[in-house]
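Have a look at input16.json below; it lists JSON, C-alpha atoms.
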```json
[["chain", "number", "residue", "atom", "x", "y", "z"],
["A", 1, "MET", "CA", 158.86, 52.29, 120.39],
["A", 2, "THR", "CA", 157.68, 50.65, 117.18],
["A", 3, "LEU", "CA", 155.55, 48.07, 119.02],
["A", 4, "THR", "CA", 154.03, 50.74, 121.24],
["A", 5, "ALA", "CA", 153.05, 52.90, 118.26],
["A", 6, "GLU", "CA", 151.53, 49.92, 116.43],
["A", 7, "ALA", "CA", 149.52, 48.93, 119.51],
["A", 8, "THR", "CA", 148.24, 52.48, 119.79],
["A", 9, "ARG", "CA", 147.14, 52.48, 116.16],
["A", 10, "THR", "CA", 145.40, 49.11, 116.68],
["A", 11, "ARG", "CA", 143.45, 50.40, 119.67],
["A", 12, "GLY", "CA", 142.50, 53.52, 117.71],
["A", 13, "ALA", "CA", 141.15, 51.40, 114.88],
["A", 14, "GLN", "CA", 138.83, 49.46, 117.21],
["A", 15, "PRO", "CA", 135.35, 51.01, 117.83],
["A", 16, "SER", "CA", 134.84, 52.68, 121.18],
["A", 17, "SER", "CA", 132.41, 51.35, 123.78],
["A", 18, "ALA", "CA", 129.99, 54.22, 123.02],
["A", 19, "ALA", "CA", 129.95, 53.26, 119.34],
["A", 20, "LEU", "CA", 129.28, 49.63, 120.25],
["A", 21, "ARG", "CA", 126.37, 50.68, 122.44],
["A", 22, "ARG", "CA", 124.94, 52.79, 119.63],
["A", 23, "ARG", "CA", 125.18, 49.87, 117.21],
["A", 24, "ARG", "CA", 123.53, 47.55, 119.71],
["A", 25, "SER", "CA", 120.74, 50.07, 120.30],
["A", 26, "SER", "CA", 120.20, 50.42, 116.56],
["A", 27, "ARG", "CA", 119.95, 46.65, 116.11],
["A", 28, "GLU", "CA", 117.48, 46.40, 118.98],
["A", 29, "ALA", "CA", 115.43, 49.26, 117.55],
["A", 30, "LEU", "CA", 115.34, 47.61, 114.12],
["A", 31, "ALA", "CA", 114.25, 44.32, 115.71],
["A", 32, "GLY", "CA", 111.49, 46.13, 117.61],
["A", 33, "TYR", "CA", 110.22, 47.86, 114.47],
["A", 34, "ALA", "CA", 110.32, 44.53, 112.64],
["A", 35, "PHE", "CA", 108.04, 42.96, 115.24],
["A", 36, "LEU", "CA", 105.76, 46.03, 115.16],
["A", 37, "THR", "CA", 105.50, 46.06, 111.38],
["A", 38, "PRO", "CA", 102.43, 43.73, 111.13],
["A", 39, "TRP", "CA", 100.54, 45.83, 113.68],
["A", 40, "LEU", "CA", 101.59, 49.09, 112.02],
["A", 41, "LEU", "CA", 100.48, 47.82, 108.61],
["A", 42, "GLY", "CA", 97.16, 46.67, 110.05],
["A", 43, "PHE", "CA", 96.64, 50.01, 111.78],
["A", 44, "LEU", "CA", 97.48, 52.05, 108.67],
["A", 45, "LEU", "CA", 95.54, 49.90, 106.19],
["A", 46, "LEU", "CA", 92.56, 48.86, 108.31],
["A", 47, "THR", "CA", 92.09, 51.74, 110.75],
["A", 48, "ALA", "CA", 93.89, 54.99, 109.95],
["A", 49, "GLY", "CA", 93.40, 54.72, 106.19],
["A", 50, "PRO", "CA", 89.63, 54.06, 106.28],
["A", 51, "MET", "CA", 89.18, 56.77, 108.91],
["A", 52, "ALA", "CA", 90.96, 59.33, 106.76],
["A", 53, "TYR", "CA", 88.94, 58.31, 103.70],
["A", 54, "SER", "CA", 85.65, 58.51, 105.64],
["A", 55, "LEU", "CA", 86.60, 62.01, 106.76],
["A", 56, "TYR", "CA", 86.98, 62.95, 103.10],
["A", 57, "LEU", "CA", 83.65, 61.28, 102.22],
["A", 58, "ALA", "CA", 81.91, 63.31, 104.94],
["A", 59, "PHE", "CA", 82.34, 66.36, 102.72],
["A", 60, "THR", "CA", 81.10, 64.64, 99.57],
["A", 61, "ASP", "CA", 77.97, 63.23, 97.95],
["A", 62, "TYR", "CA", 78.79, 59.56, 97.45],
["A", 63, "ASN", "CA", 76.41, 56.67, 96.71],
["A", 64, "LEU", "CA", 78.89, 53.83, 95.98],
["A", 65, "PHE", "CA", 77.99, 53.82, 92.26],
["A", 66, "ALA", "CA", 79.51, 57.12, 91.15],
["A", 67, "PRO", "CA", 82.69, 59.01, 92.07],
["A", 68, "PRO", "CA", 82.40, 61.19, 95.19],
["A", 69, "GLU", "CA", 81.34, 64.76, 94.50],
["A", 70, "PHE", "CA", 82.64, 67.39, 96.90],
["A", 71, "THR", "CA", 79.80, 69.30, 98.60],
["A", 72, "GLY", "CA", 81.56, 70.98, 101.53],
["A", 73, "LEU", "CA", 79.53, 71.16, 104.74],
["A", 74, "GLU", "CA", 76.23, 70.22, 103.11],
["A", 75, "ASN", "CA", 76.03, 66.81, 104.82],
["A", 76, "PHE", "CA", 76.55, 68.38, 108.24],
["A", 77, "ARG", "CA", 73.87, 71.01, 107.55],
["A", 78, "ARG", "CA", 71.42, 68.30, 106.52],
["A", 79, "LEU", "CA", 71.95, 66.40, 109.77],
["A", 80, "PHE", "CA", 70.20, 68.84, 112.04],
["A", 81, "SER", "CA", 67.21, 69.24, 109.74],
["A", 82, "ASP", "CA", 66.67, 65.47, 109.61],
["A", 83, "PRO", "CA", 63.94, 64.41, 112.10],
["A", 84, "ASN", "CA", 65.17, 60.81, 112.06],
["A", 85, "TYR", "CA", 68.68, 61.99, 112.98],
["A", 86, "LEU", "CA", 67.36, 63.94, 115.95],
["A", 87, "GLN", "CA", 65.24, 60.95, 116.99],
["A", 88, "ALA", "CA", 68.33, 58.75, 116.83],
["A", 89, "TRP", "CA", 70.15, 61.07, 119.23],
["A", 90, "LYS", "CA", 67.13, 61.11, 121.56],
["A", 91, "VAL", "CA", 66.88, 57.31, 121.73],
["A", 92, "THR", "CA", 70.63, 56.88, 122.11],
["A", 93, "GLY", "CA", 70.83, 59.56, 124.79],
["A", 94, "ILE", "CA", 68.14, 57.88, 126.89],
["A", 95, "TYR", "CA", 69.87, 54.55, 126.52],
["A", 96, "VAL", "CA", 73.28, 55.95, 127.56],
["A", 97, "LEU", "CA", 72.06, 58.13, 130.42],
["A", 98, "VAL", "CA", 69.87, 55.41, 131.96],
["A", 99, "GLY", "CA", 71.51, 52.15, 130.94],
["A", 100, "THR", "CA", 75.10, 53.00, 131.87],
["A", 101, "PRO", "CA", 74.47, 54.06, 135.52],
["A", 102, "VAL", "CA", 72.05, 51.17, 136.14],
["A", 103, "LYS", "CA", 74.56, 48.68, 134.73],
["A", 104, "LEU", "CA", 77.38, 50.08, 136.87],
["A", 105, "ILE", "CA", 75.23, 50.07, 140.01],
["A", 106, "ALA", "CA", 74.15, 46.46, 139.41],
["A", 107, "SER", "CA", 77.71, 45.32, 138.71],
["A", 108, "LEU", "CA", 79.04, 47.07, 141.83],
["A", 109, "LEU", "CA", 76.35, 45.60, 144.09],
["A", 110, "VAL", "CA", 76.96, 42.08, 142.80],
["A", 111, "ALA", "CA", 80.73, 42.54, 143.10],
["A", 112, "MET", "CA", 80.34, 43.58, 146.74],
["A", 113, "LEU", "CA", 78.22, 40.49, 147.41],
["A", 114, "LEU", "CA", 80.74, 38.21, 145.72],
["A", 115, "ASN", "CA", 83.61, 39.83, 147.62],
["A", 116, "ASN", "CA", 82.44, 38.10, 150.81],
["A", 117, "SER", "CA", 83.56, 34.65, 151.86],
["A", 118, "PHE", "CA", 80.96, 31.92, 151.32],
["A", 119, "ARG", "CA", 80.73, 28.48, 149.85],
["A", 120, "ALA", "CA", 80.84, 28.02, 146.06],
["A", 121, "LYS", "CA", 81.70, 31.68, 145.47],
["A", 122, "GLY", "CA", 83.80, 30.64, 142.45],
["A", 123, "PHE", "CA", 80.72, 29.10, 140.86],
["A", 124, "TYR", "CA", 78.64, 32.22, 141.43],
["A", 125, "ARG", "CA", 81.35, 34.47, 140.04],
["A", 126, "SER", "CA", 81.51, 32.36, 136.88],
["A", 127, "ALA", "CA", 77.72, 32.26, 136.60],
["A", 128, "PHE", "CA", 77.37, 36.04, 136.87],
["A", 129, "TYR", "CA", 80.18, 36.60, 134.38],
["A", 130, "LEU", "CA", 78.83, 34.09, 131.85],
["A", 131, "PRO", "CA", 76.37, 36.47, 130.07],
["A", 132, "SER", "CA", 79.26, 38.81, 129.23],
["A", 133, "LEU", "CA", 81.09, 36.05, 127.38],
["A", 134, "VAL", "CA", 78.44, 35.88, 124.68],
["A", 135, "GLY", "CA", 78.37, 39.68, 124.33],
["A", 136, "ALA", "CA", 75.76, 41.51, 122.24],
["A", 137, "SER", "CA", 75.51, 38.63, 119.79],
["A", 138, "VAL", "CA", 72.71, 38.00, 117.33],
["A", 139, "SER", "CA", 71.68, 34.77, 119.08],
["A", 140, "ILE", "CA", 71.24, 36.53, 122.44],
["A", 141, "ALA", "CA", 69.17, 39.27, 120.80],
["A", 142, "ILE", "CA", 66.92, 36.65, 119.19],
["A", 143, "VAL", "CA", 66.40, 34.88, 122.52],
["A", 144, "TRP", "CA", 65.76, 38.20, 124.28],
["A", 145, "LYS", "CA", 63.18, 39.15, 121.65],
["A", 146, "ALA", "CA", 61.44, 35.78, 122.04],
["A", 147, "MET", "CA", 61.19, 36.35, 125.78],
["A", 148, "PHE", "CA", 59.56, 39.78, 125.46],
["A", 149, "ILE", "CA", 57.18, 39.25, 122.53],
["A", 150, "ASP", "CA", 53.43, 39.05, 122.95],
["A", 151, "ASN", "CA", 52.57, 35.90, 124.96],
["A", 152, "GLY", "CA", 56.26, 35.29, 125.65],
["A", 153, "VAL", "CA", 57.86, 34.27, 128.94],
["A", 154, "VAL", "CA", 57.89, 37.80, 130.35],
["A", 155, "ASP", "CA", 54.34, 38.46, 129.15],
["A", 156, "ARG", "CA", 53.02, 35.31, 130.82],
["A", 157, "THR", "CA", 54.87, 36.14, 134.04],
["A", 158, "GLN", "CA", 53.25, 39.57, 134.07],
["A", 159, "GLN", "CA", 49.83, 37.98, 133.65],
["A", 160, "LEU", "CA", 50.45, 35.64, 136.58],
["A", 161, "LEU", "CA", 51.46, 38.60, 138.75],
["A", 162, "GLY", "CA", 48.35, 40.56, 137.75],
["A", 163, "PHE", "CA", 50.05, 43.13, 135.50],
["A", 164, "GLU", "CA", 48.88, 44.22, 132.08],
["A", 165, "ALA", "CA", 50.19, 42.04, 129.28],
["A", 166, "GLY", "CA", 50.62, 42.75, 125.58],
["A", 167, "GLY", "CA", 54.30, 42.25, 124.91],
["A", 168, "TRP", "CA", 57.23, 44.64, 125.01],
["A", 169, "VAL", "CA", 58.54, 44.32, 121.46],
["A", 170, "GLY", "CA", 55.55, 46.02, 119.85],
["A", 171, "ASP", "CA", 55.21, 48.75, 122.48],
["A", 172, "PRO", "CA", 57.24, 51.92, 121.66],
["A", 173, "GLY", "CA", 57.35, 52.85, 125.33],
["A", 174, "ARG", "CA", 58.93, 49.54, 126.37],
["A", 175, "THR", "CA", 61.51, 48.79, 123.69],
["A", 176, "VAL", "CA", 64.27, 50.98, 125.14],
["A", 177, "PRO", "CA", 63.70, 49.67, 128.70],
["A", 178, "MET", "CA", 63.85, 46.16, 127.25],
["A", 179, "LEU", "CA", 67.24, 46.89, 125.64],
["A", 180, "ILE", "CA", 68.45, 48.53, 128.85],
["A", 181, "LEU", "CA", 67.56, 45.34, 130.72],
["A", 182, "LEU", "CA", 69.60, 43.41, 128.17],
["A", 183, "THR", "CA", 72.72, 45.51, 128.69],
["A", 184, "VAL", "CA", 72.28, 45.44, 132.48],
["A", 185, "TRP", "CA", 71.99, 41.64, 132.34],
["A", 186, "GLN", "CA", 75.45, 41.58, 130.72],
["A", 187, "PHE", "CA", 77.19, 43.26, 133.67],
["A", 188, "GLY", "CA", 79.88, 40.60, 134.06],
["A", 189, "ALA", "CA", 82.85, 42.56, 132.68],
["A", 190, "PRO", "CA", 82.50, 45.65, 134.93],
["A", 191, "MET", "CA", 81.62, 43.34, 137.82],
["A", 192, "VAL", "CA", 84.96, 41.52, 137.52],
["A", 193, "ILE", "CA", 86.82, 44.84, 137.38],
["A", 194, "PHE", "CA", 84.96, 46.10, 140.45],
["A", 195, "LEU", "CA", 85.73, 42.83, 142.23],
["A", 196, "ALA", "CA", 89.44, 43.22, 141.50],
["A", 197, "GLY", "CA", 89.30, 46.77, 142.85],
["A", 198, "LEU", "CA", 87.52, 45.65, 146.03],
["A", 199, "LYS", "CA", 90.26, 43.09, 146.64],
["A", 200, "GLN", "CA", 92.83, 45.91, 146.75],
["A", 201, "ILE", "CA", 91.11, 47.80, 149.58],
["A", 202, "PRO", "CA", 92.92, 47.07, 152.89],
["A", 203, "THR", "CA", 90.70, 45.31, 155.41],
["A", 204, "GLU", "CA", 92.37, 47.36, 158.17],
["A", 205, "LEU", "CA", 90.38, 50.39, 157.04],
["A", 206, "TYR", "CA", 87.08, 48.60, 157.63],
["A", 207, "GLU", "CA", 88.30, 47.26, 160.98],
["A", 208, "ALA", "CA", 89.31, 50.73, 162.14],
["A", 209, "ALA", "CA", 85.96, 52.13, 161.00],
["A", 210, "SER", "CA", 84.13, 49.40, 162.94],
["A", 211, "VAL", "CA", 86.08, 50.31, 166.07],
["A", 212, "ASP", "CA", 84.98, 53.93, 165.61],
["A", 213, "GLY", "CA", 81.36, 52.79, 165.37],
["A", 214, "ALA", "CA", 80.84, 53.35, 161.64],
["A", 215, "GLY", "CA", 77.92, 51.51, 160.06],
["A", 216, "ALA", "CA", 77.73, 49.75, 156.71],
["A", 217, "PHE", "CA", 76.56, 52.83, 154.77],
["A", 218, "ARG", "CA", 79.25, 55.04, 156.30],
["A", 219, "LYS", "CA", 81.93, 52.48, 155.45],
["A", 220, "PHE", "CA", 80.66, 52.35, 151.87],
["A", 221, "ALA", "CA", 80.58, 56.15, 151.50],
["A", 222, "ARG", "CA", 83.85, 56.89, 153.30],
["A", 223, "ILE", "CA", 86.02, 53.90, 152.38],
["A", 224, "THR", "CA", 84.66, 51.79, 149.53],
["A", 225, "LEU", "CA", 83.69, 54.55, 147.09],
["A", 226, "PRO", "CA", 86.84, 56.71, 147.50],
["A", 227, "MET", "CA", 89.16, 53.70, 147.30],
["A", 228, "LEU", "CA", 87.21, 52.31, 144.35],
["A", 229, "SER", "CA", 86.91, 55.62, 142.47],
["A", 230, "PRO", "CA", 89.73, 54.89, 139.93],
["A", 231, "VAL", "CA", 88.05, 51.61, 139.00],
["A", 232, "LEU", "CA", 84.67, 53.35, 138.87],
["A", 233, "PHE", "CA", 86.10, 55.97, 136.51],
["A", 234, "PHE", "CA", 87.54, 53.26, 134.26],
["A", 235, "ASN", "CA", 84.26, 51.36, 134.10],
["A", 236, "LEU", "CA", 82.24, 54.55, 133.56],
["A", 237, "LEU", "CA", 84.41, 55.57, 130.61],
["A", 238, "LEU", "CA", 84.33, 52.15, 128.94],
["A", 239, "GLU", "CA", 80.63, 51.52, 129.46],
["A", 240, "THR", "CA", 79.69, 54.99, 128.22],
["A", 241, "ILE", "CA", 81.63, 54.46, 124.99],
["A", 242, "HIS", "CA", 80.19, 50.97, 124.67],
["A", 243, "ALA", "CA", 76.61, 52.25, 125.11],
["A", 244, "PHE", "CA", 76.98, 54.56, 122.12],
["A", 245, "GLN", "CA", 77.84, 51.53, 119.96],
["A", 246, "ILE", "CA", 74.61, 49.58, 120.40],
["A", 247, "PHE", "CA", 73.51, 48.09, 117.09],
["A", 248, "ALA", "CA", 72.98, 44.31, 116.84],
["A", 249, "SER", "CA", 70.30, 43.96, 119.52],
["A", 250, "ALA", "CA", 68.31, 46.94, 118.20],
["A", 251, "PHE", "CA", 68.56, 45.63, 114.64],
["A", 252, "ILE", "CA", 67.30, 42.15, 115.58],
["A", 253, "ILE", "CA", 64.48, 43.29, 117.86],
["A", 254, "SER", "CA", 63.13, 45.79, 115.29],
["A", 255, "ASN", "CA", 63.64, 43.44, 112.31],
["A", 256, "GLY", "CA", 65.92, 46.03, 110.75],
["A", 257, "THR", "CA", 63.30, 48.79, 110.68],
["A", 258, "GLY", "CA", 64.01, 50.84, 113.82],
["A", 259, "GLY", "CA", 60.41, 50.38, 114.92],
["A", 260, "PRO", "CA", 57.96, 50.43, 116.43],
["A", 261, "ALA", "CA", 57.49, 54.18, 115.91],
["A", 262, "ARG", "CA", 61.27, 54.72, 115.59],
["A", 263, "SER", "CA", 61.71, 53.68, 119.23],
["A", 264, "THR", "CA", 64.78, 51.53, 118.43],
["A", 265, "LEU", "CA", 66.32, 53.93, 115.92],
["A", 266, "PHE", "CA", 69.68, 54.21, 117.68],
["A", 267, "TYR", "CA", 72.45, 56.36, 116.26],
["A", 268, "THR", "CA", 74.61, 53.57, 114.84],
["A", 269, "PHE", "CA", 71.49, 51.85, 113.51],
["A", 270, "TYR", "CA", 70.41, 54.97, 111.63],
["A", 271, "LEU", "CA", 73.98, 55.38, 110.37],
["A", 272, "TYR", "CA", 73.79, 51.86, 108.98],
["A", 273, "ILE", "CA", 70.44, 52.61, 107.31],
["A", 274, "ARG", "CA", 71.79, 55.74, 105.66],
["A", 275, "GLY", "CA", 75.01, 54.13, 104.50],
["A", 276, "PHE", "CA", 74.11, 50.56, 103.58],
["A", 277, "GLN", "CA", 70.40, 50.75, 102.76],
["A", 278, "ASP", "CA", 70.07, 54.21, 101.27],
["A", 279, "PHE", "CA", 73.68, 54.17, 99.94],
["A", 280, "GLN", "CA", 74.30, 57.72, 101.17],
["A", 281, "MET", "CA", 77.88, 57.09, 102.21],
["A", 282, "GLY", "CA", 78.77, 60.76, 102.45],
["A", 283, "TYR", "CA", 75.88, 61.42, 104.80],
["A", 284, "ALA", "CA", 76.73, 58.32, 106.87],
["A", 285, "SER", "CA", 80.38, 59.37, 107.09],
["A", 286, "ALA", "CA", 79.31, 62.78, 108.40],
["A", 287, "MET", "CA", 77.18, 61.02, 111.02],
["A", 288, "ALA", "CA", 80.12, 58.83, 112.01],
["A", 289, "TRP", "CA", 82.44, 61.78, 112.54],
["A", 290, "VAL", "CA", 79.86, 63.67, 114.58],
["A", 291, "LEU", "CA", 79.60, 60.59, 116.80],
["A", 292, "VAL", "CA", 83.40, 60.44, 117.13],
["A", 293, "LEU", "CA", 83.49, 64.09, 118.18],
["A", 294, "VAL", "CA", 80.66, 63.67, 120.69],
["A", 295, "VAL", "CA", 82.17, 60.57, 122.30],
["A", 296, "GLY", "CA", 85.59, 62.26, 122.32],
["A", 297, "ALA", "CA", 84.13, 65.35, 124.01],
["A", 298, "ILE", "CA", 82.39, 63.23, 126.66],
["A", 299, "SER", "CA", 85.62, 61.32, 127.30],
["A", 300, "LEU", "CA", 87.51, 64.61, 127.61],
["A", 301, "VAL", "CA", 84.98, 65.94, 130.12],
["A", 302, "LEU", "CA", 85.31, 62.77, 132.19],
["A", 303, "PHE", "CA", 89.10, 63.06, 132.21],
["A", 304, "LYS", "CA", 89.00, 66.76, 133.06],
["A", 305, "THR", "CA", 86.56, 66.29, 135.95],
["A", 306, "GLN", "CA", 88.12, 63.16, 137.44],
["A", 307, "ASN", "CA", 90.30, 65.23, 139.79],
["A", 308, "ARG", "CA", 87.15, 66.23, 141.67],
["A", 309, "TRP", "CA", 86.01, 62.73, 142.56],
["A", 310, "VAL", "CA", 88.70, 60.18, 141.66],
["A", 311, "HIS", "CA", 91.17, 59.50, 144.48],
["A", 312, "TYR", "CA", 94.40, 57.69, 143.69],
["A", 313, "SER", "CA", 96.31, 56.13, 146.58],
["A", 314, "GLY", "CA", 99.43, 58.04, 147.58],
["A", 315, "GLU", "CA", 98.29, 61.46, 146.36],
["A", 316, "SER", "CA", 97.12, 64.28, 148.57],
["A", 317, "LYS", "CA", 93.91, 66.14, 147.80]]
```

Spell out the structure here as structure tokens.
Amino acid sequence: MTLTAEATRTRGAQPSSAALRRRRSSREALAGYAFLTPWLLGFLLLTAGPMAYSLYLAFTDYNLFAPPEFTGLENFRRLFSDPNYLQAWKVTGIYVLVGTPVKLIASLLVAMLLNNSFRAKGFYRSAFYLPSLVGASVSIAIVWKAMFIDNGVVDRTQQLLGFEAGGWVGDPGRTVPMLILLTVWQFGAPMVIFLAGLKQIPTELYEAASVDGAGAFRKFARITLPMLSPVLFFNLLLETIHAFQIFASAFIISNGTGGPARSTLFYTFYLYIRGFQDFQMGYASAMAWVLVLVVGAISLVLFKTQNRWVHYSGESK
């Protein structure tokens, strides 16, 4: 009886299996938080903290040389009476509404061509993707400007073809189309995503459509687009957000002035001028938060309307 009672007390003193699992879960959670700590610190110090401070500055008059002075909604009221601000929205809106669809159409067409079987297709895929590797860098903008200046490569080609010359850089009506051509030329990233989506479409669908007598356009409208709609939605969202962020190419081509005739005064460019040239940090912060709200609203509209045209496999519509 004594041994039995002592054994019972010993078992009671040992932790239960549930307690051991809780301890193990706690240790794993602590290890996970330890690995996440560098990212959390970077997010709080380099992203969340500056964003919160810029939100505060949006309601102040701040010029970097004196303490911020709270002014309420004055910066936001000044925005819509500023002709340069309205011009910046006009230029940016044209660039987004024209450049984004043209870039997506070009990337989809090239992806469909590269999806076929032919010799050296790996080389062509790499060649078409190469411009996206350099991104919107300063060097590319300088080369692009040199191509479109008066008596440049494009100007000489126009003369040979019998078109009017004169250069694109100094023409207010051609600067935005020139920048749209630059972003369309860098269609490699959405092209690769479209190509991956095309690889996931079963070939049996095209074979069955061919048996039913469907032509190329009908196959594209009835099979390719619906099956590719999730990828199209992803590319549309990313490229729309990316289009609002244009800065480096516009800055280089206009020599930092937004000219000619404010034709390259994009939103982020004007924000930079207000904040880092005029030192109106409060005004620039208000501009930044308006841009965040506009891009967020556009993203929300895209997400809310995707059920009407995005078709995910396995769901019934």

| query | Looking at only C-alpha atoms, which of A:Ala127, A:Leu179, A:Met287, A:Leu44 is the one that sits closest to A:Ala248? | reply | A:Leu179

| message | Between atom CA of A:Asp155 and atom CA of A:Gly167, what is the distance in Å, rounded to a tenth? | response |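 So the two atoms, atom CA of A:Asp155 and atom CA of A:Gly167, lie 5.7 Å apart.
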
| request: For A:Leu236, list every protein, DNA or RNA residue within 10 Å, evaluated using only C-alpha atoms, and leave out those in the same chain fewer than 3 positions away; present the list as a list in words. | output: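 Returned residues: Thr100, Pro101, Lys103, Leu104, Pro190, Pro230, Val231, Leu232, Phe233, Glu239, Thr240, Ile241, His242, Ser299 and Leu302 of chain A.
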
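The neighbours of stretch 91-99 of chain A here are the residues that come within 6 Å of it, using only C-alpha atoms and leaving out any residue fewer than 2 positions away in the same chain; they are Ala88, Trp89, Pro101, Val102, Lys103, Ile180, Ala243 and Phe266 of chain A.
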
| message | Could you check which residues have any atom within 7 Å of (56.6, 41.4, 129.4), counting only C-alpha atoms with coordinates taken straight from the file, and then list them as a ChimeraX atom specification? | response | /A:148,154-155,158,165,167-168

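Across the model, the gap from atom CA of A:Leu265 to atom CA of A:Lys90 is 9.2 Å.
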
| said: Ranking A:Ser54, A:Ser25, A:Lys199, A:Leu46 by minimum distance to A:Ser117 and counting all atoms listed in the file, which one comes first? | reply: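 Nearest to A:Ser117: A:Lys199.
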
| query | Near A:Ile253, counting all atoms listed in the file, which residues have an atom at most 10 Å away, once you skip same-chain residues fewer than 6 positions from it, shown as a list in words? | reply |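 The neighbour list is Val138, Ala141, Ile142, Val143, Trp144, Lys145, Ala146, Phe148, Ile149, Val169, Gly170, Thr175, Met178, Leu179, Gly259, Pro260 and Thr264 of chain A.
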
| Residues within 9 Å of A:Asn115, only C-alpha atoms, excluding chain neighbours under 6 positions, as JSON, numbers by chain | {"A": [121, 195, 198, 199]}

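The interatomic distance for the pair atom CA of A:Tyr62 and atom CA of A:Arg77 works out to 16.0 Å.
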
| said: For stretch 215-221 of chain A, find every residue with an atom within 12 Å (counting all atoms listed in the file), except residues of its own chain fewer than 4 positions away, and show them as a list in words. | reply: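 The contact residues come out as Leu108, Leu109, Met112, Leu198, Ile201, Thr203, Glu204, Leu205, Tyr206, Glu207, Ala208, Ala209, Ser210, Val211, Leu225, Pro226, Met227, Leu228 and Ser229 of chain A.
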
Using the selection just defined, write its residues with C-alpha atoms as a short mmCIF file (atom, residue, chain, number, x, y, z; two decimals), keeping the file's coordinate frame.
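Result went into part.cif, see below:
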```
data_model
loop_
_atom_site.label_atom_id
_atom_site.label_comp_id
_atom_site.auth_asym_id
_atom_site.auth_seq_id
_atom_site.Cartn_x
_atom_site.Cartn_y
_atom_site.Cartn_z
CA LEU A 108 79.04 47.07 141.83
CA LEU A 109 76.35 45.60 144.09
CA MET A 112 80.34 43.58 146.74
CA LEU A 198 87.52 45.65 146.03
CA ILE A 201 91.11 47.80 149.58
CA THR A 203 90.70 45.31 155.41
CA GLU A 204 92.37 47.36 158.17
CA LEU A 205 90.38 50.39 157.04
CA TYR A 206 87.08 48.60 157.63
CA GLU A 207 88.30 47.26 160.98
CA ALA A 208 89.31 50.73 162.14
CA ALA A 209 85.96 52.13 161.00
CA SER A 210 84.13 49.40 162.94
CA VAL A 211 86.08 50.31 166.07
CA LEU A 225 83.69 54.55 147.09
CA PRO A 226 86.84 56.71 147.50
CA MET A 227 89.16 53.70 147.30
CA LEU A 228 87.21 52.31 144.35
CA SER A 229 86.91 55.62 142.47
#
```

| task | Can you work out which one of A:Asn255, A:Thr224, A:Thr157, A:Ser107 has the shortest atom-to-atom distance to A:Gln186, counting all atoms listed in the file? | result |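 Nearest to A:Gln186: A:Ser107.
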
| said: When you count all atoms listed in the file, which of these residues is closest to A:Val310: A:Asp82, A:Gln245, A:Gly275, A:Phe234? | reply: A:Phe234

| field | Residue nearest A:Leu113 among A:Leu41, A:Leu182, A:Met191, A:Val295 (counting all atoms listed in the file) | value |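 Among A:Leu41, A:Leu182, A:Met191, A:Val295, it is A:Met191 that comes nearest to A:Leu113.
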
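Here the question is which of A:Ser263, A:Ser285, A:Asn307, A:Gln277 gets nearest to A:Asn84 using only C-alpha atoms, and that residue is A:Ser263.
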
Because the input lacks atoms here, generate N, CA and C atoms for stretch 133-144 of chain A and report them as a PDB file, in the coordinates of the input.
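What ended up in out-v9.pdb:
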```pdb
ATOM      1  N   LEU A 133      80.274  36.789 128.335  1.00  0.00           N
ATOM      2  CA  LEU A 133      81.090  36.050 127.380  1.00  0.00           C
ATOM      3  C   LEU A 133      80.451  36.008 126.006  1.00  0.00           C
ATOM      4  N   VAL A 134      79.129  35.934 125.970  1.00  0.00           N
ATOM      5  CA  VAL A 134      78.440  35.880 124.680  1.00  0.00           C
ATOM      6  C   VAL A 134      78.330  37.255 124.053  1.00  0.00           C
ATOM      7  N   GLY A 135      78.422  38.340 124.867  1.00  0.00           N
ATOM      8  CA  GLY A 135      78.370  39.680 124.330  1.00  0.00           C
ATOM      9  C   GLY A 135      77.017  40.006 123.713  1.00  0.00           C
ATOM     10  N   ALA A 136      77.002  41.084 122.913  1.00  0.00           N
ATOM     11  CA  ALA A 136      75.760  41.510 122.240  1.00  0.00           C
ATOM     12  C   ALA A 136      75.618  40.764 120.921  1.00  0.00           C
ATOM     13  N   SER A 137      75.550  39.444 120.998  1.00  0.00           N
ATOM     14  CA  SER A 137      75.510  38.630 119.790  1.00  0.00           C
ATOM     15  C   SER A 137      74.088  38.569 119.233  1.00  0.00           C
ATOM     16  N   VAL A 138      74.003  38.115 117.991  1.00  0.00           N
ATOM     17  CA  VAL A 138      72.710  38.000 117.330  1.00  0.00           C
ATOM     18  C   VAL A 138      71.842  36.956 118.024  1.00  0.00           C
ATOM     19  N   SER A 139      72.450  35.844 118.440  1.00  0.00           N
ATOM     20  CA  SER A 139      71.680  34.770 119.080  1.00  0.00           C
ATOM     21  C   SER A 139      71.045  35.239 120.383  1.00  0.00           C
ATOM     22  N   ILE A 140      71.785  36.017 121.179  1.00  0.00           N
ATOM     23  CA  ILE A 140      71.240  36.530 122.440  1.00  0.00           C
ATOM     24  C   ILE A 140      70.092  37.494 122.156  1.00  0.00           C
ATOM     25  N   ALA A 141      70.242  38.341 121.139  1.00  0.00           N
ATOM     26  CA  ALA A 141      69.170  39.270 120.800  1.00  0.00           C
ATOM     27  C   ALA A 141      67.919  38.535 120.357  1.00  0.00           C
ATOM     28  N   ILE A 142      68.084  37.444 119.624  1.00  0.00           N
ATOM     29  CA  ILE A 142      66.920  36.650 119.190  1.00  0.00           C
ATOM     30  C   ILE A 142      66.219  36.028 120.380  1.00  0.00           C
ATOM     31  N   VAL A 143      66.997  35.475 121.316  1.00  0.00           N
ATOM     32  CA  VAL A 143      66.400  34.880 122.520  1.00  0.00           C
ATOM     33  C   VAL A 143      65.706  35.951 123.352  1.00  0.00           C
ATOM     34  N   TRP A 144      66.340  37.102 123.489  1.00  0.00           N
ATOM     35  CA  TRP A 144      65.760  38.200 124.280  1.00  0.00           C
ATOM     36  C   TRP A 144      64.444  38.661 123.656  1.00  0.00           C
TER      37      TRP A 144
END
```
